[in-house]
Amino acid sequence: DAGVIQSPRHEVTEMGQEVTLRCKPISGHDYLFWYRQTMMRGLELLIYFNNNVPIDDSGMPEDRFSAKMPNASFSTLKIQPSEPRDSAVYFCASSLDVLAGGADTQYFGPGTRLTVL
Amino acid sequence: GNSVTQMEGPVTLSEEAFLTINCTYTATGYPSLFWYVQYPGEGLQLLLKATKADDKGSNKGFEATYRKETTSFHLEKGSVQVSDSAVYFCALSAFTGGGNKLTFGTGTQLKVEL
């Protein structure tokens with residue numbers, strides 16, 4: 001398997017623009033997680049899905065952020081409008097269902113480095 | 001709530017030195033414990049894990065033992081290499097009723113010099 005795939009790897013945009021980050025989880029994984037990493041705040045969980053359904057979005061910073069998972073092999077994280085303080089590395093991760101006998105290990109993608117000017 | 005505390009970095013060592021990175025946790029129930037490693041410009045990778053008390057996780061010369069009595073999961077390596085330079089994250093996984101969420105420490109940067 002190719003692992004978790006994220007695109008783009010780097011994104012530079014101007015304040016006010018819409019940004020869409022994409023993630024393809026490992027095939028067969030039931031859970032998908034979106035994280036944000038900054039020097040100031042470390043690694044933060046934004047939202048996670050189970051079988052394409054959002055389970056906990058309490059980490060989403062504000063209404064400008066939204067995430068969708070239209071099918072088991074694709075998820076998006078959208079920021080509209082973007083602001084300079086959104087500059088960070090955004091990671092997607094996936095895992096198997098623990099209750100189905102899977103491991104609780106999360107597998108991370110390479111991340112998208114977002115810069116908002 | 002669940003939390004993980006790990007020693008602040010950066011930790012700077014000479015090659016072949018002994019490494020310890022301390023990690024303690026607070027959790028209800030019986031969490032699984034992890035060490036993840038992040039190399040520059042990359043995502044996090046699982047380094048090792050332990051799922052119950054007294055388990056020892058090991059990989060690539062790194063070891064950590066799940067100590068329930070001290071709520072600790074310290075990372076050790078007997079002889080570090082320059083290639084071990086990275087950021088190390090301690091984490092715990094606890095079932096929340098809606099799935100397993102990872103709670104991460106703040107990360108400890110390790111720099112290994114020749």
# chains A, B, ... in the order shown; residues from 1 in each chain; ligands from 1
call {"tool": "interface_residues", "arguments": {"of": "chain B", "to": "chain A", "cutoff": "6 Å", "atoms": "only C-alpha atoms", "output": "PyMOL selection string"}}
result
chain B and resi 42-44+106
call {"tool": "write_last_selection", "arguments": {"atoms": "N, CA, C and O atoms", "output": "short mmCIF file (atom, residue, chain, number, x, y, z; two decimals), in the first residue's frame"}}
result
data_model
loop_
_atom_site.label_atom_id
_atom_site.label_comp_id
_atom_site.auth_asym_id
_atom_site.auth_seq_id
_atom_site.Cartn_x
_atom_site.Cartn_y
_atom_site.Cartn_z
N GLU B 42 8.81 15.53 7.25
CA GLU B 42 7.97 14.35 7.05
C GLU B 42 6.83 14.30 8.07
O GLU B 42 6.79 15.08 9.02
N GLY B 43 5.92 13.37 7.85
CA GLY B 43 4.86 13.12 8.81
C GLY B 43 5.35 12.24 9.94
O GLY B 43 6.48 11.79 9.94
N LEU B 44 4.49 12.02 10.91
CA LEU B 44 4.84 11.19 12.06
C LEU B 44 4.81 9.71 11.66
O LEU B 44 3.95 9.28 10.89
N THR B 106 4.07 17.25 23.69
CA THR B 106 4.49 18.39 22.89
C THR B 106 5.66 18.09 21.98
O THR B 106 6.02 18.91 21.14
#
call {"tool": "residues_around", "arguments": {"residues": "A:Asp57", "least_positions_apart": "3", "cutoff": "8 Å", "atoms": "only C-alpha atoms", "output": "ChimeraX atom specification"}}
result
/A:46-48,54,60
call {"tool": "residues_around", "arguments": {"residues": "B:Val87", "least_positions_apart": "6", "cutoff": "10 Å", "atoms": "only C-alpha atoms", "output": "ChimeraX atom specification"}}
result
/B:9-11,36-40,44,106-111
call {"tool": "residues_around", "arguments": {"residues": "B:Phe73", "least_positions_apart": "3", "cutoff": "12 Å", "atoms": "only C-alpha atoms", "output": "PyMOL selection string"}}
result
chain B and resi 4-7+20-26+31-35+48-58+63-70+76+89-92+105
call {"tool": "residues_around", "arguments": {"residues": "B:Ser14", "least_positions_apart": "2", "cutoff": "6 Å", "atoms": "only C-alpha atoms", "output": "number ranges by chain"}}
result
B: 17, 112-114
call {"tool": "atom_distance", "arguments": {"atom1": "atom CA of A:Thr20", "atom2": "atom CA of A:Ala2"}}
result
21.7 Å
call {"tool": "select_by_dssp", "arguments": {"residues": "chain A", "states": "strand (DSSP E)", "output": "ChimeraX atom specification"}}
result
/A:5-7,10-13,19-24,31-38,42-50,53-56,65-71,74-79,88-95,107-108,112-116
call {"tool": "residues_around", "arguments": {"residues": "A:Ile79", "least_positions_apart": "3", "cutoff": "10 Å", "atoms": "only C-alpha atoms", "output": "ChimeraX atom specification"}}
result
/A:16-21,62-67,76,82-83,86
call {"tool": "write_last_selection", "arguments": {"atoms": "all heavy atoms", "output": "tab-separated table (two decimals), in the first residue's frame"}}
result
chain	number	residue	atom	x	y	z
A	16	GLY	N	-7.75	35.50	2.56
A	16	GLY	CA	-9.07	35.66	1.98
A	16	GLY	C	-9.42	34.60	0.95
A	16	GLY	O	-10.59	34.42	0.61
A	17	GLN	N	-8.42	33.92	0.46
A	17	GLN	CA	-8.66	32.89	-0.55
A	17	GLN	C	-9.12	31.58	0.09
A	17	GLN	O	-8.87	31.31	1.27
A	17	GLN	CB	-7.38	32.61	-1.36
A	17	GLN	CG	-6.90	33.80	-2.17
A	17	GLN	CD	-7.92	34.22	-3.20
A	17	GLN	OE1	-8.37	33.42	-4.03
A	17	GLN	NE2	-8.30	35.50	-3.16
A	18	GLU	N	-9.81	30.78	-0.70
A	18	GLU	CA	-10.23	29.46	-0.25
A	18	GLU	C	-9.10	28.46	-0.48
A	18	GLU	O	-8.42	28.49	-1.51
A	18	GLU	CB	-11.47	29.01	-1.03
A	18	GLU	CG	-11.96	27.62	-0.67
A	18	GLU	CD	-13.18	27.24	-1.48
A	18	GLU	OE1	-14.23	27.88	-1.30
A	18	GLU	OE2	-13.10	26.29	-2.28
A	19	VAL	N	-8.92	27.60	0.51
A	19	VAL	CA	-7.88	26.57	0.42
A	19	VAL	C	-8.54	25.22	0.64
A	19	VAL	O	-9.34	25.04	1.57
A	19	VAL	CB	-6.81	26.78	1.52
A	19	VAL	CG1	-5.81	25.65	1.51
A	19	VAL	CG2	-6.11	28.12	1.33
A	20	THR	N	-8.19	24.25	-0.19
A	20	THR	CA	-8.70	22.88	-0.04
A	20	THR	C	-7.54	21.91	0.03
A	20	THR	O	-6.72	21.85	-0.89
A	20	THR	CB	-9.64	22.50	-1.19
A	20	THR	OG1	-10.75	23.39	-1.21
A	20	THR	CG2	-10.15	21.07	-0.99
A	21	LEU	N	-7.49	21.17	1.12
A	21	LEU	CA	-6.47	20.15	1.31
A	21	LEU	C	-7.12	18.79	1.13
A	21	LEU	O	-8.26	18.57	1.56
A	21	LEU	CB	-5.86	20.26	2.71
A	21	LEU	CG	-5.41	21.66	3.15
A	21	LEU	CD1	-4.82	21.62	4.54
A	21	LEU	CD2	-4.46	22.28	2.15
A	62	GLU	N	-12.72	27.23	14.01
A	62	GLU	CA	-13.84	28.14	13.81
A	62	GLU	C	-14.59	27.77	12.53
A	62	GLU	O	-14.20	26.83	11.83
A	62	GLU	CB	-13.33	29.58	13.75
A	62	GLU	CG	-12.16	29.80	12.83
A	62	GLU	CD	-11.45	31.12	13.10
A	62	GLU	OE1	-11.92	32.16	12.60
A	62	GLU	OE2	-10.43	31.11	13.81
A	63	ASP	N	-15.64	28.50	12.27
A	63	ASP	CA	-16.52	28.16	11.14
A	63	ASP	C	-15.83	28.29	9.79
A	63	ASP	O	-16.36	27.78	8.80
A	63	ASP	CB	-17.77	29.04	11.16
A	63	ASP	CG	-18.66	28.73	12.33
A	63	ASP	OD1	-18.46	27.67	12.95
A	63	ASP	OD2	-19.55	29.55	12.63
A	64	ARG	N	-14.71	28.91	9.73
A	64	ARG	CA	-14.01	29.02	8.44
A	64	ARG	C	-13.46	27.66	8.01
A	64	ARG	O	-13.13	27.47	6.84
A	64	ARG	CB	-12.86	30.01	8.56
A	64	ARG	CG	-13.28	31.44	8.87
A	64	ARG	CD	-12.09	32.39	8.88
A	64	ARG	NE	-11.10	32.07	9.91
A	64	ARG	CZ	-9.92	31.49	9.66
A	64	ARG	NH1	-9.58	31.17	8.41
A	64	ARG	NH2	-9.09	31.23	10.65
A	65	PHE	N	-13.38	26.74	8.95
A	65	PHE	CA	-12.86	25.41	8.66
A	65	PHE	C	-14.02	24.42	8.48
A	65	PHE	O	-14.96	24.41	9.27
A	65	PHE	CB	-11.98	24.91	9.81
A	65	PHE	CG	-10.63	25.56	9.89
A	65	PHE	CD1	-10.50	26.89	10.28
A	65	PHE	CD2	-9.48	24.84	9.60
A	65	PHE	CE1	-9.25	27.49	10.36
A	65	PHE	CE2	-8.22	25.42	9.69
A	65	PHE	CZ	-8.11	26.74	10.07
A	66	SER	N	-13.92	23.59	7.44
A	66	SER	CA	-14.89	22.53	7.25
A	66	SER	C	-14.19	21.31	6.68
A	66	SER	O	-13.19	21.43	5.98
A	66	SER	CB	-16.02	22.98	6.33
A	66	SER	OG	-15.52	23.29	5.04
A	67	ALA	N	-14.71	20.14	6.99
A	67	ALA	CA	-14.12	18.90	6.48
A	67	ALA	C	-15.23	17.98	6.02
A	67	ALA	O	-16.31	17.95	6.60
A	67	ALA	CB	-13.29	18.21	7.56
A	76	THR	N	-11.56	15.89	2.42
A	76	THR	CA	-11.05	17.25	2.19
A	76	THR	C	-11.17	18.07	3.46
A	76	THR	O	-12.08	17.88	4.27
A	76	THR	CB	-11.82	17.97	1.08
A	76	THR	OG1	-13.20	18.05	1.44
A	76	THR	CG2	-11.67	17.26	-0.25
A	82	SER	N	-9.23	32.07	4.11
A	82	SER	CA	-8.00	31.76	4.85
A	82	SER	C	-7.41	33.03	5.47
A	82	SER	O	-7.63	34.15	4.96
A	82	SER	CB	-6.97	31.11	3.92
A	82	SER	OG	-6.70	31.96	2.83
A	83	GLU	N	-6.67	32.85	6.56
A	83	GLU	CA	-6.02	33.95	7.26
A	83	GLU	C	-4.57	33.56	7.55
A	83	GLU	O	-4.27	32.36	7.63
A	83	GLU	CB	-6.74	34.25	8.58
A	83	GLU	CG	-8.17	34.72	8.39
A	83	GLU	CD	-8.85	35.08	9.70
A	83	GLU	OE1	-8.18	35.01	10.76
A	83	GLU	OE2	-10.05	35.43	9.67
A	86	ASP	N	-3.64	30.79	9.91
A	86	ASP	CA	-3.91	29.40	9.53
A	86	ASP	C	-2.66	28.71	8.99
A	86	ASP	O	-2.67	27.50	8.74
A	86	ASP	CB	-5.00	29.35	8.45
A	86	ASP	CG	-6.30	29.98	8.91
A	86	ASP	OD1	-6.58	29.96	10.13
A	86	ASP	OD2	-7.04	30.51	8.05
call {"tool": "closest_residue", "arguments": {"among": "A:Ser94, A:Asn51, A:Pro8, A:Leu114", "to": "A:Ala72", "atoms": "only C-alpha atoms"}}
result
A:Asn51
call {"tool": "atom_distance", "arguments": {"atom1": "atom CA of B:Ser79", "atom2": "atom CA of A:Gln37"}}
result
29.6 Å
call {"tool": "atom_distance", "arguments": {"atom1": "atom CA of B:Gly29", "atom2": "atom CA of B:Ser93"}}
result
10.5 Å
call {"tool": "closest_residue", "arguments": {"among": "A:Tyr35, A:Gly3, A:Glu11, A:Pro84", "to": "B:Thr103", "atoms": "only C-alpha atoms"}}
result
A:Tyr35
call {"tool": "residues_around", "arguments": {"residues": "A:Cys23", "least_positions_apart": "6", "cutoff": "6 Å", "atoms": "only C-alpha atoms", "output": "ChimeraX atom specification"}}
result
/A:5-6,74-75
call {"tool": "write_last_selection", "arguments": {"atoms": "N, CA and C atoms", "output": "tab-separated table (two decimals), in the first residue's frame"}}
result
chain	number	residue	atom	x	y	z
A	5	ILE	N	-2.02	9.39	1.51
A	5	ILE	CA	-1.57	10.33	0.48
A	5	ILE	C	-2.25	11.67	0.71
A	6	GLN	N	-1.45	12.73	0.71
A	6	GLN	CA	-1.99	14.08	0.87
A	6	GLN	C	-1.55	14.96	-0.30
A	74	PHE	N	-11.48	9.20	0.33
A	74	PHE	CA	-11.19	10.59	0.05
A	74	PHE	C	-11.78	11.50	1.11
A	75	SER	N	-10.97	12.48	1.52
A	75	SER	CA	-11.44	13.49	2.47
A	75	SER	C	-10.84	14.83	2.10
call {"tool": "closest_residue", "arguments": {"among": "B:Asn2, B:Ser83, B:Ser72, B:Thr12", "to": "B:Leu102", "atoms": "only C-alpha atoms"}}
result
B:Asn2
